[in-house]
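A.B. asks: One file: model.txt (compact mmCIF, C-alpha atoms).
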# COMPACT_ATOMS: atom_id res chain seq x y z
CA MET H 1200 101.31 152.94 54.46
CA LEU H 1201 102.35 149.54 53.16
CA LYS H 1202 104.90 149.44 50.37
CA GLY H 1203 105.00 146.77 47.71
CA ALA H 1204 106.44 145.62 44.40
CA ILE H 1205 104.79 144.10 41.36
CA ILE H 1206 106.60 141.10 39.89
CA GLY H 1207 106.00 140.86 36.15
CA PHE H 1208 104.71 144.01 34.46
CA GLY H 1209 102.41 142.59 31.78
CA LYS H 1210 98.86 143.30 30.71
CA ILE H 1211 97.03 142.30 33.90
CA ALA H 1212 99.51 144.22 36.06
CA GLN H 1213 98.97 147.44 34.11
CA SER H 1214 95.25 147.11 33.34
CA SER H 1215 94.04 146.05 36.80
CA HIS H 1216 96.62 145.73 39.58
CA ILE H 1217 98.44 149.05 39.32
CA LYS H 1218 95.16 150.90 38.67
CA ALA H 1219 93.66 149.36 41.80
CA PHE H 1220 96.57 150.52 43.95
CA PHE H 1221 96.18 154.04 42.52
CA SER H 1222 92.44 154.08 43.32
CA ASP H 1223 90.92 156.34 45.98
CA GLU H 1224 90.04 153.29 48.09
CA LEU H 1225 93.66 152.10 48.34
CA LYS H 1226 96.01 155.02 47.66
CA ASN H 1227 96.26 155.95 51.35
CA LYS H 1228 96.65 152.36 52.57
CA ALA H 1229 99.21 150.79 50.25
CA GLU H 1230 101.42 151.82 47.36
CA ILE H 1231 103.46 150.12 44.68
CA THR H 1232 106.97 151.61 44.81
CA SER H 1233 108.83 149.23 42.50
CA VAL H 1234 108.51 146.68 39.73
CA VAL H 1235 110.48 143.61 38.68
CA GLU H 1236 110.36 143.07 34.92
CA PRO H 1237 113.06 140.86 33.34
CA VAL H 1238 112.39 141.93 29.73
CA LYS H 1239 114.42 145.05 28.99
CA GLU H 1240 111.98 146.39 26.39
CA ASN H 1241 109.12 146.13 28.88
CA ARG H 1242 111.13 147.84 31.63
CA LYS H 1243 111.90 150.81 29.42
CA GLU H 1244 108.26 151.09 28.37
CA GLY H 1245 107.17 150.86 32.01
CA GLU H 1246 109.62 153.54 33.12
CA LYS H 1247 108.11 155.92 30.56
CA LYS H 1248 104.51 155.19 31.61
CA PHE H 1249 105.20 155.14 35.36
CA PRO H 1250 108.22 157.38 36.10
CA SER H 1251 107.52 157.33 39.86
CA LEU H 1252 108.23 153.57 40.07
CA LYS H 1253 111.65 151.95 40.35
CA PHE H 1254 112.21 149.14 37.86
CA TYR H 1255 114.49 146.15 38.41
CA ALA H 1256 115.53 143.28 36.16
CA SER H 1257 115.40 140.64 38.89
CA THR H 1258 113.95 139.91 42.31
CA SER H 1259 117.47 139.71 43.76
CA GLU H 1260 118.02 143.34 42.72
CA LEU H 1261 114.68 144.28 44.21
CA PHE H 1262 115.31 142.73 47.62
CA SER H 1263 118.87 144.11 47.72
CA ASN H 1264 117.69 147.68 47.13
CA GLU H 1265 114.15 148.00 48.50
CA LYS H 1266 112.47 147.56 51.86
CA ILE H 1267 108.95 146.41 51.06
CA ASP H 1268 106.03 144.84 52.91
CA PHE H 1269 104.58 142.73 50.09
CA ILE H 1270 104.98 141.50 46.55
CA ASP H 1271 102.22 141.24 43.96
CA ILE H 1272 102.99 138.37 41.57
CA THR H 1273 101.53 138.90 38.09
CA ALA H 1274 104.02 136.81 36.11
CA PRO H 1275 102.81 133.72 34.15
CA PRO H 1276 101.99 130.61 36.25
CA LYS H 1277 105.31 128.90 35.43
CA PHE H 1278 107.08 131.36 37.73
CA HIS H 1279 104.60 131.47 40.63
CA ALA H 1280 106.07 128.75 42.86
CA SER H 1281 109.64 130.08 42.72
CA LEU H 1282 108.51 133.67 43.28
CA ILE H 1283 106.37 132.68 46.27
CA LYS H 1284 109.42 130.90 47.74
CA GLU H 1285 111.46 134.08 47.30
CA GLY H 1286 108.76 136.07 49.03
CA ILE H 1287 108.75 133.68 51.99
CA LYS H 1288 112.55 133.73 52.16
CA ASN H 1289 112.52 137.53 52.30
CA ASN H 1290 109.63 137.60 54.80
CA VAL H 1291 107.28 139.69 52.66
CA ASN H 1292 103.54 139.17 52.28
CA ILE H 1293 102.34 137.77 48.97
CA LEU H 1294 99.49 138.48 46.57
CA CYS H 1295 99.55 136.07 43.62
CA GLU H 1296 97.64 135.81 40.35
CA LYS H 1297 95.79 132.63 39.48
CA PRO H 1298 96.35 129.81 38.91
CA PHE H 1299 98.26 129.39 42.18
CA THR H 1300 101.03 127.27 40.60
CA LEU H 1301 101.73 125.48 37.35
CA THR H 1302 101.34 121.94 38.76
CA LEU H 1303 99.78 120.16 41.74
CA ASP H 1304 103.20 119.05 43.00
CA GLU H 1305 104.28 122.69 43.11
CA ALA H 1306 101.02 123.66 44.80
CA GLU H 1307 101.42 121.06 47.56
CA GLU H 1308 105.04 122.00 48.20
CA THR H 1309 104.22 125.72 48.24
CA TYR H 1310 101.25 125.12 50.53
CA LYS H 1311 103.53 123.47 53.10
CA LEU H 1312 105.97 126.38 52.99
CA LEU H 1313 103.20 128.93 53.48
CA LYS H 1314 101.66 126.84 56.25
CA GLU H 1315 104.94 126.79 58.16
CA GLY H 1316 105.70 130.48 57.53
CA SER H 1317 104.20 133.65 58.97
CA VAL H 1318 103.59 135.75 55.85
CA VAL H 1319 100.11 136.65 54.64
CA PHE H 1320 99.27 134.98 51.33
CA MET H 1321 96.26 135.67 49.12
CA PRO H 1322 95.48 134.27 45.65
CA CYS H 1323 93.83 136.54 43.09
CA HIS H 1324 90.44 134.85 43.29
CA GLN H 1325 88.71 138.12 42.58
CA TYR H 1326 85.51 136.65 41.13
CA ARG H 1327 84.19 135.92 44.61
CA TYR H 1328 83.81 139.71 45.04
CA SER H 1329 81.51 139.97 42.01
CA PRO H 1330 77.88 140.91 42.79
CA THR H 1331 76.79 138.30 40.25
CA TRP H 1332 78.51 135.36 41.93
CA LYS H 1333 77.69 136.62 45.43
CA ASN H 1334 74.02 136.45 44.44
CA PHE H 1335 74.50 132.90 43.18
CA LYS H 1336 76.09 131.90 46.49
CA THR H 1337 73.20 133.51 48.41
CA PHE H 1338 70.66 131.70 46.21
CA LEU H 1339 72.27 128.35 47.01
CA SER H 1340 72.35 129.10 50.73
CA GLU H 1341 68.61 129.86 50.66
CA ASN H 1342 67.69 126.47 49.27
CA ASP H 1343 66.71 123.35 51.17
CA PRO H 1344 69.98 121.85 52.51
CA ALA H 1345 68.53 118.37 52.16
CA SER H 1346 68.37 118.64 48.34
CA LYS H 1347 70.96 119.62 45.76
CA SER H 1348 70.87 122.44 43.23
CA LEU H 1349 71.98 122.44 39.60
CA LEU H 1350 74.34 125.07 38.20
CA GLN H 1351 75.54 125.78 34.66
CA PHE H 1352 78.24 128.26 33.63
CA ASN H 1353 78.96 129.18 29.99
CA ILE H 1354 82.10 131.19 29.20
CA PHE H 1355 82.49 132.05 25.52
CA ARG H 1356 85.52 133.84 24.02
CA MET H 1357 86.76 134.25 20.45
CA GLN H 1358 90.41 133.61 21.27
CA ALA H 1359 92.90 133.41 24.10
CA ASP H 1360 93.51 136.89 25.49
CA PRO H 1361 96.90 138.08 24.22
CA GLY H 1362 99.45 139.46 26.64
CA GLY H 1363 100.46 143.07 26.25
CA THR H 1364 104.23 142.83 26.57
CA ALA H 1365 107.31 141.77 24.64
CA PHE H 1366 107.41 138.57 26.69
CA GLN H 1367 105.63 135.99 24.51
CA PRO H 1368 102.25 137.70 23.99
CA GLU H 1369 100.71 134.27 23.26
CA TRP H 1370 101.95 132.69 26.51
CA ARG H 1371 98.42 131.53 27.44
CA THR H 1372 98.57 128.91 24.67
CA ASP H 1373 102.00 127.62 25.75
CA LYS H 1374 101.41 124.82 28.26
CA SER H 1375 104.92 125.13 29.71
CA LEU H 1376 104.07 128.68 30.82
CA SER H 1377 100.31 128.52 31.47
CA GLY H 1378 99.74 124.93 32.59
CA GLY H 1379 96.99 124.32 30.03
CA GLY H 1380 94.48 126.00 27.74
CA VAL H 1381 91.08 127.59 28.36
CA LEU H 1382 90.44 125.27 31.31
CA ALA H 1383 93.59 126.42 33.14
CA ASP H 1384 93.08 130.05 32.17
CA SER H 1385 89.37 130.89 32.59
CA GLY H 1386 88.21 127.57 34.01
CA VAL H 1387 90.12 127.83 37.28
CA HIS H 1388 88.00 130.88 38.19
CA TYR H 1389 84.85 128.77 38.13
CA LEU H 1390 86.47 125.86 39.93
CA TYR H 1391 87.29 128.01 42.96
CA LEU H 1392 83.89 129.71 42.75
CA LEU H 1393 82.12 126.34 42.84
CA ASN H 1394 84.24 125.18 45.75
CA TRP H 1395 83.34 128.43 47.57
CA MET H 1396 79.63 128.07 46.78
CA CYS H 1397 79.02 124.34 46.91
CA GLY H 1398 81.21 122.74 49.57
CA LYS H 1399 83.27 119.59 49.26
CA PRO H 1400 83.89 118.24 45.71
CA LEU H 1401 82.86 114.62 45.15
CA SER H 1402 83.57 113.84 41.49
CA VAL H 1403 84.49 115.38 38.14
CA THR H 1404 84.02 114.37 34.52
CA ALA H 1405 85.74 116.49 31.87
CA LYS H 1406 86.38 116.65 28.14
CA THR H 1407 88.89 118.94 26.45
CA PHE H 1408 89.24 119.44 22.71
CA THR H 1409 89.98 121.86 19.89
CA LEU H 1410 86.96 123.58 18.38
CA ASN H 1411 88.46 126.24 16.10
CA HIS H 1412 92.02 127.17 17.02
CA THR H 1413 94.14 124.39 15.54
CA GLU H 1414 97.16 126.70 15.82
CA TYR H 1415 97.03 126.41 19.63
CA SER H 1416 99.05 123.64 21.27
CA VAL H 1417 96.49 123.52 24.12
CA GLU H 1418 92.73 122.98 24.23
CA ASP H 1419 90.53 125.87 23.11
CA THR H 1420 87.36 124.26 24.53
CA ALA H 1421 86.43 122.30 27.67
CA VAL H 1422 83.23 120.84 29.09
CA VAL H 1423 83.26 119.89 32.77
CA PHE H 1424 80.65 118.32 35.05
CA LEU H 1425 81.24 118.24 38.81
CA GLU H 1426 79.35 116.97 41.81
CA PHE H 1427 79.69 118.79 45.12
CA GLU H 1428 78.06 118.30 48.50
CA LYS H 1429 75.46 120.97 47.74
CA ALA H 1430 75.10 120.92 43.96
CA PHE H 1431 75.71 119.43 40.55
CA ALA H 1432 77.53 121.85 38.25
CA GLY H 1433 78.45 122.11 34.58
CA ILE H 1434 81.03 124.43 33.04
CA THR H 1435 81.37 125.03 29.30
CA LEU H 1436 84.38 127.10 28.21
CA THR H 1437 85.64 127.98 24.76
CA TRP H 1438 88.06 130.28 22.97
CA GLY H 1439 86.31 129.34 19.71
CA ALA H 1440 83.04 131.28 19.95
CA ASP H 1441 81.69 134.02 17.70
CA ARG H 1442 81.51 136.60 20.52
CA ARG H 1443 82.51 137.24 24.11
CA VAL H 1444 79.76 136.48 26.61
CA ASN H 1445 79.13 134.84 29.99
CA THR H 1446 75.86 133.17 31.01
CA ALA H 1447 74.91 131.20 34.11
CA ARG H 1448 71.92 129.51 35.71
CA ALA H 1449 71.12 127.89 39.06
CA VAL H 1450 68.06 125.70 39.59
CA SER H 1451 66.61 124.27 42.79
CA ASN H 1452 63.31 122.90 44.07
CA LYS H 1453 62.46 126.41 45.29
CA GLY H 1454 63.27 128.42 42.18
CA SER H 1455 65.96 129.56 39.77
CA LEU H 1456 68.51 132.30 39.22
CA SER H 1457 69.70 133.14 35.72
CA TYR H 1458 72.26 135.47 34.19
CA ASP H 1459 72.02 136.10 30.45
CA GLY H 1460 75.25 138.00 29.91
CA SER H 1461 73.73 141.46 30.35
CA THR H 1462 73.50 143.65 33.46
CA GLN H 1463 70.79 141.85 35.36
CA LEU H 1464 69.93 138.63 37.14
CA ARG H 1465 66.46 137.14 36.95
CA LYS H 1466 65.45 135.38 40.14
CA TYR H 1467 62.39 133.20 40.72
CA PHE H 1468 62.00 132.09 44.31
CA ASN H 1469 58.99 130.71 46.14
CA GLY H 1470 56.72 131.85 43.32
CA GLN H 1471 58.03 135.46 43.16
CA GLU H 1472 60.14 137.09 40.46
CA GLU H 1473 62.92 139.60 41.18
CA ILE H 1474 65.23 141.49 38.78
CA ILE H 1475 68.66 142.20 40.28
CA ALA H 1476 71.04 144.72 38.68
CA VAL H 1477 74.65 143.51 38.28
CA PRO H 1478 77.70 144.47 36.19
CA ASP H 1479 78.40 142.67 32.91
CA ALA H 1480 80.48 139.67 34.01
CA SER H 1481 82.35 139.48 30.68
CA ASP H 1482 83.32 143.18 30.71
CA LYS H 1483 87.06 143.49 31.40
CA SER H 1484 86.62 146.97 32.88
CA HIS H 1485 84.48 145.43 35.62
CA TYR H 1486 87.48 143.38 36.79
CA PHE H 1487 89.17 146.54 38.03
CA SER H 1488 86.62 147.03 40.81
CA LEU H 1489 86.98 143.39 41.88
CA TYR H 1490 90.73 143.86 42.30
CA ILE H 1491 90.15 146.86 44.54
CA SER H 1492 88.05 144.72 46.88
CA LEU H 1493 90.54 141.85 46.76
CA ILE H 1494 93.58 144.02 47.45
CA ASN H 1495 91.75 145.92 50.18
CA ASP H 1496 91.19 142.64 52.03
CA PHE H 1497 94.83 141.67 51.47
CA VAL H 1498 95.99 144.98 52.95
CA ASN H 1499 93.60 144.70 55.89
CA THR H 1500 94.88 141.22 56.61
CA ILE H 1501 98.47 142.43 56.73
CA GLN H 1502 97.64 145.41 58.93
CA ASN H 1503 95.61 143.46 61.45
CA LYS H 1504 95.97 139.70 61.11
CA GLU H 1505 93.86 138.94 64.17
CA SER H 1506 90.66 140.72 63.21
CA SER H 1507 90.64 141.24 59.44
CA SER H 1508 88.40 139.24 57.15
CA VAL H 1509 87.93 138.25 53.55
CA ASP H 1510 84.35 138.65 52.41
CA GLY H 1511 83.12 138.32 55.99
CA GLU H 1512 85.19 135.26 56.86
CA ASP H 1513 87.36 135.78 59.96
CA PHE H 1514 91.01 135.19 59.19
CA SER H 1515 91.85 134.73 62.87
CA LYS H 1516 90.13 131.31 62.73
CA SER H 1517 92.73 130.02 60.31
CA LYS H 1518 95.66 131.78 58.67
CA LEU H 1519 95.50 129.07 56.00
CA THR H 1520 92.06 129.94 54.61
CA ALA H 1521 93.38 131.66 51.48
CA VAL H 1522 96.23 129.28 50.70
CA GLN H 1523 93.97 126.27 51.24
CA GLU H 1524 91.56 127.74 48.68
CA ALA H 1525 94.45 128.18 46.25
CA LEU H 1526 95.62 124.60 46.73
CA THR H 1527 92.09 123.23 46.28
CA SER H 1528 91.68 125.12 43.01
CA ILE H 1529 94.79 123.43 41.59
CA ARG H 1530 93.64 120.01 42.83
CA LEU H 1531 90.30 120.52 41.07
CA LEU H 1532 92.06 121.66 37.91
CA GLN H 1533 94.34 118.63 37.84
CA LYS H 1534 91.36 116.28 38.36
CA CYS H 1535 89.66 117.89 35.36
CA TYR H 1536 92.69 117.21 33.17
CA GLU H 1537 93.04 113.67 34.56
CA SER H 1538 89.42 112.97 33.68
CA ALA H 1539 89.79 114.40 30.18
CA GLN H 1540 92.94 112.36 29.53
CA SER H 1541 91.59 109.09 30.96
CA LYS H 1542 88.05 109.62 29.60
CA LYS H 1543 86.73 108.59 33.01
CA THR H 1544 84.95 110.16 35.97
CA ILE H 1545 87.37 110.95 38.78
CA PHE H 1546 86.07 110.40 42.32
CA PHE H 1547 87.69 112.45 45.07
CA ALA H 1548 86.91 109.81 47.70
CA ASP H 1549 89.34 107.47 45.89
CA GLU H 1550 92.34 109.56 46.98
Could you write out this file's structure as structure tokens?
C.D. replies:
Amino acid sequence: MLKGAIIGFGKIAQSSHIKAFFSDELKNKAEITSVVEPVKENRKEGEKKFPSLKFYASTSELFSNEKIDFIDITAPPKFHASLIKEGIKNNVNILCEKPFTLTLDEAEETYKLLKEGSVVFMPCHQYRYSPTWKNFKTFLSENDPASKSLLQFNIFRMQADPGGTAFQPEWRTDKSLSGGGVLADSGVHYLYLLNWMCGKPLSVTAKTFTLNHTEYSVEDTAVVFLEFEKAFAGITLTWGADRRVNTARAVSNKGSLSYDGSTQLRKYFNGQEEIIAVPDASDKSHYFSLYISLINDFVNTIQNKESSSVDGEDFSKSKLTAVQEALTSIRLLQKCYESAQSKKTIFFADE
């Protein structure tokens, strides 16, 4: 049984991470024994809700008092790089929420440390476990490799999701803590998904702006167009919509795959139609199951580094698979912001 600690006991930690560890699939493989939460009010609330867990005010207290196998970082992005460094220093394996780090400089430095170290690292890129996006990846793999596909993702929200703790509930709209607005928050999910589905990125053109929430100091809306080796892709994200919904569509010379925000995909391929049942991608409760799959792979990787896999990809081929994915997601995110600021297309070959 692996023992771990959650660092930062906010909304995502309580709504998804801790619930996943308590699930039937994981409860006999790994357990959370302790929590680091610097805000006193949050610690006291956590102790009441989870009396079996030990709560600490700092990571130094945690490592002085507990013998653990891993840490699960769910603090805001500003703190990710320093917490990962502490994990490496204390030789514990690391699960970390997205985005990987606040800046690209931090990401590159942290990547080097993880590359040189021996700990298992995994970013919380849980969307790749979704049946919806697995079907999109399969659709792309079925198409003619000599021609590109076209993808479009639409992510509509009414506002930035508020945090559930006494620590700055509106931290997502504070760039110093989050790294950006809707593009850094929701957008990074689709950047790593596209990299996973479509191969090497070639260029990006992006526009960020305020649609409705003038009270935010960060963008509430972003439109991004990327070219990859296998596809052209557009992403539209907003916190200024009238309702919460996700839609997506992929088009190729052999057919199309569309998701209308409900619980089904509609696939046309080689002249035949197929309806595929999937969970509602915008339903927060669905995220819980994705975290179970993610954490299960993380645990398997720790227990048997030579033969475990993530979504069928053999980790023994490269211990850097996960951290490379995390670094690439931050590189893509920075290029989006560079394009929006310069009002130009950014070409990756120019680096």
A.B. asks: One number please: atom CA of Phe1355 of chain H to atom CA of Leu1393 of chain H, in Å, one decimal.
C.D. replies: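 That distance, rounded to one decimal, is 18.2 Å.
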A.B. asks: Could I get the residues of segment 1233-1299 of chain H with an atom no further than 10 Å from an atom of segment 1324-1329 of chain H, each paired with its nearest atom pair and that distance in Å to one decimal, using only C-alpha atoms, sorted by chain and residue number, as a Markdown table?
C.D. replies:
| residue | atom | partner | partner_atom | distance |
| --- | --- | --- | --- | --- |
| H:Cys1295 | CA | H:His1324 | CA | 9.2 |
| H:Glu1296 | CA | H:His1324 | CA | 7.8 |
| H:Lys1297 | CA | H:His1324 | CA | 6.9 |
| H:Pro1298 | CA | H:His1324 | CA | 8.9 |
| H:Phe1299 | CA | H:His1324 | CA | 9.6 |
A.B. asks: For Glu1260 of chain H, please output as a ChimeraX atom specification all residues within 12 Å (counting all atoms listed in the file; exclusion window: fewer than 2 positions along the same chain).
C.D. replies: /H:1204,1206,1233-1237,1253-1258,1262-1266
A.B. asks: Next, dump the selected residues to file, keeping only C-alpha atoms, as a short mmCIF file (atom, residue, chain, number, x, y, z; two decimals), keeping the file's coordinate frame.
C.D. replies:
data_model
loop_
_atom_site.label_atom_id
_atom_site.label_comp_id
_atom_site.auth_asym_id
_atom_site.auth_seq_id
_atom_site.Cartn_x
_atom_site.Cartn_y
_atom_site.Cartn_z
CA ALA H 1204 106.44 145.62 44.40
CA ILE H 1206 106.60 141.10 39.89
CA SER H 1233 108.83 149.23 42.50
CA VAL H 1234 108.51 146.68 39.73
CA VAL H 1235 110.48 143.61 38.68
CA GLU H 1236 110.36 143.07 34.92
CA PRO H 1237 113.06 140.86 33.34
CA LYS H 1253 111.65 151.95 40.35
CA PHE H 1254 112.21 149.14 37.86
CA TYR H 1255 114.49 146.15 38.41
CA ALA H 1256 115.53 143.28 36.16
CA SER H 1257 115.40 140.64 38.89
CA THR H 1258 113.95 139.91 42.31
CA PHE H 1262 115.31 142.73 47.62
CA SER H 1263 118.87 144.11 47.72
CA ASN H 1264 117.69 147.68 47.13
CA GLU H 1265 114.15 148.00 48.50
CA LYS H 1266 112.47 147.56 51.86
#
A.B. asks: Could you build a table of the residues in segment 1266-1351 of chain H lying no more than 12 Å from segment 1466-1474 of chain H, giving for each the nearest pair of atoms and their separation in Å rounded to one decimal place, using all atoms listed in the file, ordered by chain and ascending residue number, as a tab-separated table?
C.D. replies:
residue	atom	partner	partner_atom	distance
H:Thr1331	CA	H:Lys1466	CA	11.7
H:Asn1334	CA	H:Lys1466	CA	9.6
H:Phe1335	CA	H:Lys1466	CA	9.9
H:Thr1337	CA	H:Lys1466	CA	11.5
H:Phe1338	CA	H:Lys1466	CA	8.8
H:Leu1339	CA	H:Phe1468	CA	11.3
H:Glu1341	CA	H:Phe1468	CA	9.4
H:Asn1342	CA	H:Phe1468	CA	9.4
H:Asp1343	CA	H:Asn1469	CA	11.8
A.B. asks: Between atom CA of Asn1445 of chain H and atom CA of Gly1460 of chain H, what distance in Å does the model show, to one decimal?
C.D. replies: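 A separation of 5.0 Å between them.
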A.B. asks: Counting all atoms listed in the file, which residue out of H:Lys1210, H:Lys1284, H:Lys1248, H:Lys1243 sits closest to Phe1320 of chain H?
C.D. replies: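 Counting all atoms listed in the file, the residue closest to Phe1320 of chain H is H:Lys1284.
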